[in-house]
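Printed here is entry-v4.txt (compact mmCIF, C-alpha atoms):
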# COMPACT_ATOMS: atom_id res chain seq x y z
CA MET A 1 -128.78 68.39 -21.38
CA ALA A 2 -125.71 69.50 -19.43
CA VAL A 3 -123.96 66.81 -17.41
CA ALA A 4 -123.78 67.66 -13.71
CA THR A 5 -120.30 68.13 -12.27
CA PRO A 6 -119.56 65.29 -9.85
CA LYS A 7 -119.09 66.08 -6.18
CA LEU A 8 -115.38 66.30 -5.56
CA LYS A 9 -113.60 66.04 -2.23
CA LEU A 10 -109.83 66.33 -2.00
CA TYR A 11 -107.90 64.80 0.88
CA THR A 12 -104.70 66.80 0.93
CA ASN A 13 -101.89 68.51 2.77
CA HIS A 14 -100.78 71.92 1.51
CA GLY A 15 -97.15 71.24 2.35
CA CYS A 16 -96.94 68.09 0.20
CA PRO A 17 -95.65 68.61 -3.37
CA TRP A 18 -97.50 65.51 -4.57
CA ALA A 19 -100.85 66.71 -3.24
CA HIS A 20 -100.02 70.14 -4.68
CA ARG A 21 -100.38 68.62 -8.15
CA ALA A 22 -104.10 68.07 -7.59
CA HIS A 23 -104.55 71.66 -6.42
CA ILE A 24 -102.91 73.01 -9.58
CA ALA A 25 -105.24 70.94 -11.77
CA LEU A 26 -108.35 71.89 -9.81
CA SER A 27 -107.40 75.57 -9.92
CA GLU A 28 -106.80 75.57 -13.67
CA LEU A 29 -110.05 73.75 -14.29
CA LYS A 30 -111.91 76.08 -11.91
CA LEU A 31 -113.70 73.15 -10.33
CA PRO A 32 -115.55 73.41 -7.02
CA TYR A 33 -114.46 70.90 -4.41
CA ASP A 34 -114.47 70.18 -0.71
CA GLU A 35 -111.18 69.75 1.10
CA GLU A 36 -109.98 67.79 4.10
CA ILE A 37 -106.48 68.44 5.40
CA ILE A 38 -104.57 65.32 6.41
CA ASP A 39 -101.89 65.82 9.08
CA LEU A 40 -98.80 64.06 7.75
CA SER A 41 -96.82 64.58 10.95
CA VAL A 42 -98.82 61.99 12.89
CA PRO A 43 -100.05 58.46 12.16
CA ARG A 44 -103.05 58.45 9.86
CA THR A 45 -106.45 58.02 11.44
CA ALA A 46 -108.43 54.85 10.96
CA GLU A 47 -111.00 56.94 9.13
CA TYR A 48 -108.50 58.15 6.54
CA LEU A 49 -106.97 54.70 6.11
CA LYS A 50 -110.41 53.57 4.98
CA VAL A 51 -110.21 56.23 2.28
CA ASN A 52 -106.64 55.41 1.30
CA PRO A 53 -105.05 52.34 2.96
CA ARG A 54 -101.60 53.63 1.98
CA GLY A 55 -102.20 56.75 4.04
CA LEU A 56 -100.83 59.03 1.35
CA VAL A 57 -102.13 62.26 -0.16
CA PRO A 58 -103.72 63.25 -2.39
CA SER A 59 -106.87 61.18 -2.51
CA LEU A 60 -109.82 62.40 -4.55
CA SER A 61 -113.40 61.37 -3.93
CA VAL A 62 -115.57 61.58 -7.05
CA ASP A 63 -119.17 61.06 -6.04
CA GLY A 64 -117.84 58.76 -3.35
CA GLN A 65 -115.46 56.82 -5.62
CA ILE A 66 -111.83 57.19 -4.50
CA ILE A 67 -108.89 57.91 -6.78
CA THR A 68 -105.35 57.93 -5.35
CA GLU A 69 -101.81 58.78 -6.46
CA SER A 70 -101.08 62.31 -7.61
CA ALA A 71 -100.38 61.68 -11.30
CA ILE A 72 -103.50 59.51 -11.58
CA VAL A 73 -105.64 62.12 -9.83
CA ALA A 74 -104.32 64.89 -12.09
CA GLY A 75 -104.73 62.74 -15.19
CA TYR A 76 -108.30 61.89 -14.25
CA LEU A 77 -109.18 65.57 -13.78
CA ALA A 78 -107.59 66.50 -17.11
CA ASP A 79 -109.50 63.79 -18.93
CA ALA A 80 -112.82 64.12 -17.12
CA PHE A 81 -112.99 67.87 -17.62
CA PRO A 82 -111.63 68.64 -21.12
CA SER A 83 -109.63 71.84 -21.27
CA HIS A 84 -106.35 73.38 -22.37
CA LEU A 85 -104.39 71.10 -20.04
CA VAL A 86 -104.20 68.23 -22.50
CA PRO A 87 -105.89 67.43 -25.83
CA ALA A 88 -108.29 64.53 -26.06
CA THR A 89 -106.92 61.27 -27.43
CA THR A 90 -109.34 61.67 -30.34
CA ALA A 91 -107.98 65.09 -31.34
CA ALA A 92 -105.75 65.20 -34.41
CA ASP A 93 -102.66 66.03 -32.35
CA GLY A 94 -103.93 64.42 -29.16
CA PRO A 95 -101.90 61.22 -28.90
CA LEU A 96 -98.63 62.88 -29.95
CA THR A 97 -99.04 65.84 -27.59
CA ARG A 98 -99.94 63.54 -24.72
CA ALA A 99 -96.88 61.43 -25.45
CA ARG A 100 -94.64 64.52 -25.47
CA ILE A 101 -96.06 65.69 -22.16
CA ALA A 102 -95.61 62.26 -20.61
CA PHE A 103 -92.01 62.09 -21.81
CA PHE A 104 -91.25 65.57 -20.49
CA VAL A 105 -92.69 64.81 -17.05
CA ASP A 106 -90.87 61.47 -16.88
CA THR A 107 -87.61 63.15 -17.92
CA TYR A 108 -87.87 65.92 -15.33
CA MET A 109 -88.94 63.69 -12.46
CA SER A 110 -86.50 60.85 -13.18
CA LYS A 111 -83.47 62.83 -14.32
CA VAL A 112 -83.68 66.01 -12.22
CA GLY A 113 -86.13 64.85 -9.57
CA GLY A 114 -85.89 65.67 -5.90
CA LEU A 115 -83.95 68.48 -4.28
CA TYR A 116 -82.79 66.65 -1.17
CA PRO A 117 -79.23 65.81 -2.30
CA LEU A 118 -78.69 69.55 -2.76
CA ILE A 119 -80.38 70.41 0.52
CA THR A 120 -78.52 67.86 2.62
CA ALA A 121 -75.04 68.29 1.11
CA LYS A 122 -72.71 69.29 3.95
CA ALA A 123 -69.24 69.95 2.58
CA ASP A 124 -68.59 72.64 -0.04
CA GLU A 125 -67.12 70.06 -2.43
CA GLU A 126 -70.21 67.87 -2.15
CA ARG A 127 -72.51 70.85 -2.68
CA THR A 128 -70.55 72.04 -5.71
CA ALA A 129 -70.67 68.55 -7.21
CA GLN A 130 -74.44 68.34 -6.70
CA ILE A 131 -74.94 71.76 -8.32
CA GLN A 132 -72.83 70.76 -11.31
CA LYS A 133 -74.69 67.47 -11.68
CA ALA A 134 -78.10 69.15 -11.52
CA VAL A 135 -77.19 71.86 -14.03
CA ASP A 136 -75.58 69.40 -16.44
CA THR A 137 -78.67 67.21 -16.29
CA VAL A 138 -81.07 70.09 -16.97
CA VAL A 139 -78.93 71.31 -19.88
CA LYS A 140 -78.73 67.85 -21.44
CA GLU A 141 -82.15 66.38 -20.71
CA VAL A 142 -84.67 69.19 -20.11
CA GLU A 143 -83.46 72.31 -21.93
CA PRO A 144 -84.01 70.86 -25.45
CA LEU A 145 -87.57 69.85 -24.57
CA LEU A 146 -88.44 73.47 -23.78
CA ALA A 147 -87.14 75.02 -27.00
CA ASP A 148 -90.69 75.87 -28.08
CA ALA A 149 -92.10 76.82 -24.66
CA GLY A 150 -94.32 79.82 -25.04
CA PRO A 151 -94.10 80.30 -22.10
CA PHE A 152 -95.47 76.88 -21.16
CA PHE A 153 -94.80 73.45 -22.56
CA GLY A 154 -95.23 72.93 -26.28
CA GLY A 155 -95.73 76.62 -27.01
CA SER A 156 -98.88 76.86 -24.91
CA GLU A 157 -99.93 80.21 -23.48
CA LYS A 158 -101.68 78.37 -20.65
CA LEU A 159 -100.59 75.69 -18.23
CA THR A 160 -100.59 72.14 -19.55
CA LEU A 161 -100.56 68.80 -17.78
CA ALA A 162 -96.75 69.06 -17.94
CA GLU A 163 -96.86 72.02 -15.54
CA VAL A 164 -99.55 70.44 -13.39
CA LEU A 165 -97.24 67.50 -12.72
CA THR A 166 -93.98 69.44 -12.27
CA GLY A 167 -95.07 72.85 -10.98
CA SER A 168 -95.03 71.99 -7.28
CA PHE A 169 -91.39 70.94 -7.57
CA ILE A 170 -90.42 73.91 -9.73
CA ILE A 171 -91.82 76.45 -7.26
CA ARG A 172 -89.75 74.89 -4.49
CA LEU A 173 -86.64 74.95 -6.63
CA TRP A 174 -87.25 78.61 -7.48
CA THR A 175 -88.10 79.91 -3.99
CA TRP A 176 -86.07 77.87 -1.53
CA PRO A 177 -82.71 79.61 -2.18
CA LYS A 178 -84.18 82.55 -0.22
CA TYR A 179 -84.21 80.36 2.88
CA GLY A 180 -80.83 78.69 2.44
CA LEU A 181 -82.30 75.33 1.51
CA ILE A 182 -80.86 75.37 -2.00
CA PRO A 183 -77.71 77.23 -3.08
CA GLN A 184 -78.42 80.38 -5.09
CA LYS A 185 -75.49 79.32 -7.24
CA LEU A 186 -77.71 76.62 -8.74
CA ILE A 187 -80.16 79.21 -10.07
CA ASP A 188 -77.30 81.41 -11.28
CA GLU A 189 -75.73 78.51 -13.19
CA LEU A 190 -79.07 77.55 -14.71
CA SER A 191 -79.64 81.16 -15.78
CA ALA A 192 -76.30 81.12 -17.59
CA ARG A 193 -76.63 77.74 -19.26
CA ALA A 194 -80.32 76.85 -19.58
CA PRO A 195 -82.28 79.92 -20.75
CA ASN A 196 -85.26 77.91 -22.04
CA PHE A 197 -85.62 76.16 -18.69
CA VAL A 198 -85.25 79.38 -16.72
CA ARG A 199 -87.91 81.25 -18.70
CA TRP A 200 -90.27 78.32 -18.35
CA ALA A 201 -89.57 77.79 -14.64
CA GLU A 202 -90.11 81.47 -13.83
CA ALA A 203 -93.46 81.41 -15.63
CA VAL A 204 -94.49 78.23 -13.82
CA ALA A 205 -93.40 79.35 -10.35
CA THR A 206 -95.30 82.64 -10.57
CA HIS A 207 -98.50 81.28 -12.08
CA PRO A 208 -101.49 81.70 -9.72
CA SER A 209 -102.59 78.08 -10.07
CA VAL A 210 -99.14 76.95 -8.95
CA SER A 211 -98.52 79.52 -6.22
CA GLY A 212 -102.10 79.57 -4.92
CA ILE A 213 -101.86 77.20 -1.94
CA PHE A 214 -98.08 77.37 -1.59
CA ASP A 215 -96.89 78.79 1.73
CA GLU A 216 -93.38 79.64 0.59
CA LYS A 217 -91.86 80.56 3.94
CA GLY A 218 -93.80 78.05 6.00
CA THR A 219 -92.95 75.16 3.72
CA ALA A 220 -89.27 76.10 3.71
CA LEU A 221 -89.08 76.42 7.48
CA ARG A 222 -90.93 73.16 8.09
CA THR A 223 -88.59 71.39 5.65
CA LYS A 224 -85.56 72.76 7.48
CA GLN A 225 -87.00 71.67 10.80
CA ARG A 226 -87.82 68.19 9.52
CA LEU A 227 -84.30 67.74 8.18
CA GLY A 228 -82.65 69.20 11.27
CA LEU A 229 -81.06 72.08 9.37

What do you get writing this file as structure tokens?
Amino acid sequence: MAVATPKLKLYTNHGCPWAHRAHIALSELKLPYDEEIIDLSVPRTAEYLKVNPRGLVPSLSVDGQIITESAIVAGYLADAFPSHLVPATTAADGPLTRARIAFFVDTYMSKVGGLYPLITAKADEERTAQIQKAVDTVVKEVEPLLADAGPFFGGSEKLTLAEVLTGSFIIRLWTWPKYGLIPQKLIDELSARAPNFVRWAEAVATHPSVSGIFDEKGTALRTKQRLGL
């Protein structure tokens, strides 16, 4: 007998890169779900604070049980609905592949991480230094981990949990130079020095599950407004 899919409800905000992770997973898994948009520009309602006392997004309701924090939500979806995203722990290559994915995500998020130092750099010297630091870090830490990307992590032809957890940040990195948020020189330098990363990032940024909810222009303009740029 087939097991019924649980009723899923995602509390989200389409402009939040952390909530975006859940959308990528849900899209890849082709799961039906209800959605409630949480306005992050105002104090959270008492109703939402009952769902998530931290007031953050995403939160995922699974038959009324609440899961919070983006990596935990994405990990739950990947495990609860077996697919190409990540092998089961019982698969022959499962534990090793899962460890490699976890290491890659930790490396990208902790070593490369956010874009705000690049966005907020004022003087040319400061901006140049931030570009050099970012490129050097990608070349040293991330580029070797993508040697077998095909085009996605680990030689996969489909998205993996690695892309689920980094894709929302990659698409911002790849599109925001159009709006003056990030220097185009960063992308040019990466293209010259980190070909594995560039091929992977281009595939990630243009994948429908990553770009699906992403309002490229709107997100960029709202970010500029929020930062007073």

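Comparing the minimum interatomic distances between Glu157 of chain A and each of A:Glu69, A:Phe104, A:His207, A:Arg54, counting only C-alpha atoms, we find that A:His207 sits nearest.
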
Quiz prompt | Residues within 12 Å of Asp79 of chain A, only C-alpha atoms, excluding chain neighbours under 5 positions, as a list in words | solution = Ala25, Leu29, Ile72, Val73, Ala74, His84, Leu85, Val86, Pro87, Ala88, Thr89, Thr90, Gly94, Arg98 and Leu161 of chain A

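Comparing the minimum interatomic distances between Leu8 of chain A and each of A:Ile67, A:Ser41, A:Trp200, A:Pro53, counting only C-alpha atoms, we find that A:Ile67 sits nearest.
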
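Residue nearest Arg172 of chain A, chosen from A:Glu143, A:Glu189, A:Asp39, A:Asp215 and counting only C-alpha atoms: A:Asp215.
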
Quiz item: Taking all atoms listed in the file into account, which of A:Thr107, A:Asn52, A:Asn196, A:Gln132 comes nearest Pro151 of chain A?
Solution: A:Asn196

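Proximity of A:Ile182, A:Ala80, A:Leu118, A:Val105 to Gly167 of chain A, computed with only C-alpha atoms, is greatest for A:Val105.
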
Self-check item: Distance query 8 Å from (-102.0, 62.3, -6.6) using all atoms listed in the file, result as a PyMOL selection string
Solution: chain A and resi 18-19+21-22+57-59+68-74

Give me a file of those residues, with C-alpha atoms, as a PDB file, in the frame of the given file.
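again.pdb, written as the output of this step:
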ATOM      1  CA  TRP A  18     -97.500  65.510  -4.570  1.00  0.00           C
ATOM      2  CA  ALA A  19    -100.850  66.710  -3.240  1.00  0.00           C
ATOM      3  CA  ARG A  21    -100.380  68.620  -8.150  1.00  0.00           C
ATOM      4  CA  ALA A  22    -104.100  68.070  -7.590  1.00  0.00           C
ATOM      5  CA  VAL A  57    -102.130  62.260  -0.160  1.00  0.00           C
ATOM      6  CA  PRO A  58    -103.720  63.250  -2.390  1.00  0.00           C
ATOM      7  CA  SER A  59    -106.870  61.180  -2.510  1.00  0.00           C
ATOM      8  CA  THR A  68    -105.350  57.930  -5.350  1.00  0.00           C
ATOM      9  CA  GLU A  69    -101.810  58.780  -6.460  1.00  0.00           C
ATOM     10  CA  SER A  70    -101.080  62.310  -7.610  1.00  0.00           C
ATOM     11  CA  ALA A  71    -100.380  61.680 -11.300  1.00  0.00           C
ATOM     12  CA  ILE A  72    -103.500  59.510 -11.580  1.00  0.00           C
ATOM     13  CA  VAL A  73    -105.640  62.120  -9.830  1.00  0.00           C
ATOM     14  CA  ALA A  74    -104.320  64.890 -12.090  1.00  0.00           C
TER      15      ALA A  74
END

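Using all atoms listed in the file, the nearest neighbour of Phe81 of chain A within the list A:Ser156, A:Thr12, A:Thr5, A:Ser110 is A:Thr5.
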
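The environment of Met109 of chain A within 12 Å, counting all atoms listed in the file and disregarding residues fewer than 6 places along the same chain, consists of Trp18, Ala71, Ala102, Phe103, Leu115, Thr137, Val138, Glu141, Val142, Ala162, Glu163, Leu165, Thr166, Gly167, Ser168, Phe169 and Ile170 of chain A.
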
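Across the model, the gap from atom CA of Gly228 of chain A to atom CA of Ile131 of chain A is 21.2 Å.
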
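Going from atom CA of Ile213 of chain A over to atom CA of Gln65 of chain A, you cover 24.8 Å.
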
Exercise. Within 10 Å of Gly180 of chain A, counting all atoms listed in the file, which residues show up once you throw out same-chain ones fewer than 3 positions away? Write them as a VMD selection string, please.
Key: chain A and resid 119 175 to 177 183 to 184 220 to 221 224 229

Given the selection you just returned, output its residues as a file containing C-alpha atoms, formatted as a short mmCIF file (atom, residue, chain, number, x, y, z; two decimals), keeping the file's coordinate frame.
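Output file out-v9.cif follows:
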data_model
loop_
_atom_site.label_atom_id
_atom_site.label_comp_id
_atom_site.auth_asym_id
_atom_site.auth_seq_id
_atom_site.Cartn_x
_atom_site.Cartn_y
_atom_site.Cartn_z
CA ILE A 119 -80.38 70.41 0.52
CA THR A 175 -88.10 79.91 -3.99
CA TRP A 176 -86.07 77.87 -1.53
CA PRO A 177 -82.71 79.61 -2.18
CA PRO A 183 -77.71 77.23 -3.08
CA GLN A 184 -78.42 80.38 -5.09
CA ALA A 220 -89.27 76.10 3.71
CA LEU A 221 -89.08 76.42 7.48
CA LYS A 224 -85.56 72.76 7.48
CA LEU A 229 -81.06 72.08 9.37
#

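From atom CA of Ala205 of chain A back to atom CA of Pro117 of chain A, the distance works out to 21.2 Å.
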
Starting from the sparse input, extend segment 191-202 of chain A to all heavy atoms and give the output as a PDB file, keeping the file's coordinate frame.
ATOM      1  N   SER A 191     -79.365  79.942 -15.016  1.00  0.00           N
ATOM      2  CA  SER A 191     -79.640  81.160 -15.780  1.00  0.00           C
ATOM      3  C   SER A 191     -78.609  81.353 -16.889  1.00  0.00           C
ATOM      4  O   SER A 191     -78.926  81.849 -17.983  1.00  0.00           O
ATOM      5  CB  SER A 191     -79.642  82.376 -14.855  1.00  0.00           C
ATOM      6  OG  SER A 191     -80.685  82.270 -13.899  1.00  0.00           O
ATOM      7  N   ALA A 192     -77.382  80.952 -16.618  1.00  0.00           N
ATOM      8  CA  ALA A 192     -76.300  81.120 -17.590  1.00  0.00           C
ATOM      9  C   ALA A 192     -76.327  80.053 -18.681  1.00  0.00           C
ATOM     10  O   ALA A 192     -75.980  80.329 -19.839  1.00  0.00           O
ATOM     11  CB  ALA A 192     -74.946  81.105 -16.884  1.00  0.00           C
ATOM     12  N   ARG A 193     -76.780  78.854 -18.335  1.00  0.00           N
ATOM     13  CA  ARG A 193     -76.630  77.740 -19.260  1.00  0.00           C
ATOM     14  C   ARG A 193     -77.935  77.147 -19.797  1.00  0.00           C
ATOM     15  O   ARG A 193     -77.906  76.389 -20.768  1.00  0.00           O
ATOM     16  CB  ARG A 193     -75.825  76.623 -18.576  1.00  0.00           C
ATOM     17  CG  ARG A 193     -74.393  77.019 -18.210  1.00  0.00           C
ATOM     18  CD  ARG A 193     -73.639  75.851 -17.601  1.00  0.00           C
ATOM     19  NE  ARG A 193     -73.670  74.683 -18.467  1.00  0.00           N
ATOM     20  CZ  ARG A 193     -73.417  73.435 -18.054  1.00  0.00           C
ATOM     21  NH1 ARG A 193     -73.141  73.206 -16.780  1.00  0.00           N
ATOM     22  NH2 ARG A 193     -73.457  72.428 -18.912  1.00  0.00           N
ATOM     23  N   ALA A 194     -79.051  77.468 -19.167  1.00  0.00           N
ATOM     24  CA  ALA A 194     -80.320  76.850 -19.580  1.00  0.00           C
ATOM     25  C   ALA A 194     -81.407  77.906 -19.682  1.00  0.00           C
ATOM     26  O   ALA A 194     -82.373  77.905 -18.912  1.00  0.00           O
ATOM     27  CB  ALA A 194     -80.710  75.759 -18.585  1.00  0.00           C
ATOM     28  N   PRO A 195     -81.316  78.812 -20.659  1.00  0.00           N
ATOM     29  CA  PRO A 195     -82.280  79.920 -20.750  1.00  0.00           C
ATOM     30  C   PRO A 195     -83.715  79.464 -21.006  1.00  0.00           C
ATOM     31  O   PRO A 195     -84.656  80.078 -20.499  1.00  0.00           O
ATOM     32  CB  PRO A 195     -81.748  80.765 -21.907  1.00  0.00           C
ATOM     33  CG  PRO A 195     -80.889  79.819 -22.707  1.00  0.00           C
ATOM     34  CD  PRO A 195     -80.273  78.901 -21.696  1.00  0.00           C
ATOM     35  N   ASN A 196     -83.896  78.405 -21.798  1.00  0.00           N
ATOM     36  CA  ASN A 196     -85.260  77.910 -22.040  1.00  0.00           C
ATOM     37  C   ASN A 196     -85.890  77.444 -20.730  1.00  0.00           C
ATOM     38  O   ASN A 196     -87.048  77.760 -20.424  1.00  0.00           O
ATOM     39  CB  ASN A 196     -85.254  76.734 -23.018  1.00  0.00           C
ATOM     40  CG  ASN A 196     -84.771  77.114 -24.397  1.00  0.00           C
ATOM     41  OD1 ASN A 196     -84.870  78.260 -24.800  1.00  0.00           O
ATOM     42  ND2 ASN A 196     -84.233  76.145 -25.126  1.00  0.00           N
ATOM     43  N   PHE A 197     -85.131  76.678 -19.968  1.00  0.00           N
ATOM     44  CA  PHE A 197     -85.620  76.160 -18.690  1.00  0.00           C
ATOM     45  C   PHE A 197     -85.933  77.287 -17.725  1.00  0.00           C
ATOM     46  O   PHE A 197     -86.965  77.271 -17.048  1.00  0.00           O
ATOM     47  CB  PHE A 197     -84.588  75.210 -18.076  1.00  0.00           C
ATOM     48  CG  PHE A 197     -84.976  74.714 -16.706  1.00  0.00           C
ATOM     49  CD1 PHE A 197     -85.895  73.694 -16.565  1.00  0.00           C
ATOM     50  CD2 PHE A 197     -84.440  75.285 -15.558  1.00  0.00           C
ATOM     51  CE1 PHE A 197     -86.275  73.234 -15.309  1.00  0.00           C
ATOM     52  CE2 PHE A 197     -84.814  74.841 -14.301  1.00  0.00           C
ATOM     53  CZ  PHE A 197     -85.732  73.810 -14.172  1.00  0.00           C
ATOM     54  N   VAL A 198     -85.065  78.284 -17.661  1.00  0.00           N
ATOM     55  CA  VAL A 198     -85.250  79.380 -16.720  1.00  0.00           C
ATOM     56  C   VAL A 198     -86.500  80.187 -17.048  1.00  0.00           C
ATOM     57  O   VAL A 198     -87.300  80.513 -16.154  1.00  0.00           O
ATOM     58  CB  VAL A 198     -83.998  80.285 -16.681  1.00  0.00           C
ATOM     59  CG1 VAL A 198     -84.271  81.593 -15.940  1.00  0.00           C
ATOM     60  CG2 VAL A 198     -82.839  79.545 -16.021  1.00  0.00           C
ATOM     61  N   ARG A 199     -86.711  80.505 -18.322  1.00  0.00           N
ATOM     62  CA  ARG A 199     -87.910  81.250 -18.700  1.00  0.00           C
ATOM     63  C   ARG A 199     -89.173  80.458 -18.363  1.00  0.00           C
ATOM     64  O   ARG A 199     -90.162  81.006 -17.850  1.00  0.00           O
ATOM     65  CB  ARG A 199     -87.884  81.567 -20.208  1.00  0.00           C
ATOM     66  CG  ARG A 199     -86.936  82.687 -20.593  1.00  0.00           C
ATOM     67  CD  ARG A 199     -87.185  83.118 -22.031  1.00  0.00           C
ATOM     68  NE  ARG A 199     -86.877  82.068 -22.984  1.00  0.00           N
ATOM     69  CZ  ARG A 199     -85.678  81.872 -23.527  1.00  0.00           C
ATOM     70  NH1 ARG A 199     -84.669  82.672 -23.218  1.00  0.00           N
ATOM     71  NH2 ARG A 199     -85.487  80.889 -24.396  1.00  0.00           N
ATOM     72  N   TRP A 200     -89.131  79.180 -18.648  1.00  0.00           N
ATOM     73  CA  TRP A 200     -90.270  78.320 -18.350  1.00  0.00           C
ATOM     74  C   TRP A 200     -90.503  78.218 -16.847  1.00  0.00           C
ATOM     75  O   TRP A 200     -91.636  78.388 -16.367  1.00  0.00           O
ATOM     76  CB  TRP A 200     -90.031  76.933 -18.958  1.00  0.00           C
ATOM     77  CG  TRP A 200     -91.037  75.896 -18.571  1.00  0.00           C
ATOM     78  CD1 TRP A 200     -92.285  75.727 -19.093  1.00  0.00           C
ATOM     79  CD2 TRP A 200     -90.869  74.874 -17.588  1.00  0.00           C
ATOM     80  NE1 TRP A 200     -92.909  74.661 -18.490  1.00  0.00           N
ATOM     81  CE2 TRP A 200     -92.065  74.115 -17.567  1.00  0.00           C
ATOM     82  CE3 TRP A 200     -89.818  74.522 -16.729  1.00  0.00           C
ATOM     83  CZ2 TRP A 200     -92.243  73.036 -16.713  1.00  0.00           C
ATOM     84  CZ3 TRP A 200     -89.996  73.451 -15.875  1.00  0.00           C
ATOM     85  CH2 TRP A 200     -91.202  72.716 -15.872  1.00  0.00           C
ATOM     86  N   ALA A 201     -89.445  77.964 -16.089  1.00  0.00           N
ATOM     87  CA  ALA A 201     -89.570  77.790 -14.640  1.00  0.00           C
ATOM     88  C   ALA A 201     -90.088  79.052 -13.963  1.00  0.00           C
ATOM     89  O   ALA A 201     -90.912  78.978 -13.037  1.00  0.00           O
ATOM     90  CB  ALA A 201     -88.228  77.383 -14.046  1.00  0.00           C
ATOM     91  N   GLU A 202     -89.631  80.210 -14.408  1.00  0.00           N
ATOM     92  CA  GLU A 202     -90.110  81.470 -13.830  1.00  0.00           C
ATOM     93  C   GLU A 202     -91.602  81.658 -14.100  1.00  0.00           C
ATOM     94  O   GLU A 202     -92.352  82.104 -13.222  1.00  0.00           O
ATOM     95  CB  GLU A 202     -89.309  82.646 -14.387  1.00  0.00           C
ATOM     96  CG  GLU A 202     -87.889  82.711 -13.846  1.00  0.00           C
ATOM     97  CD  GLU A 202     -87.082  83.849 -14.445  1.00  0.00           C
ATOM     98  OE1 GLU A 202     -87.493  84.386 -15.500  1.00  0.00           O
ATOM     99  OE2 GLU A 202     -86.034  84.195 -13.873  1.00  0.00           O
TER     100      GLU A 202
END
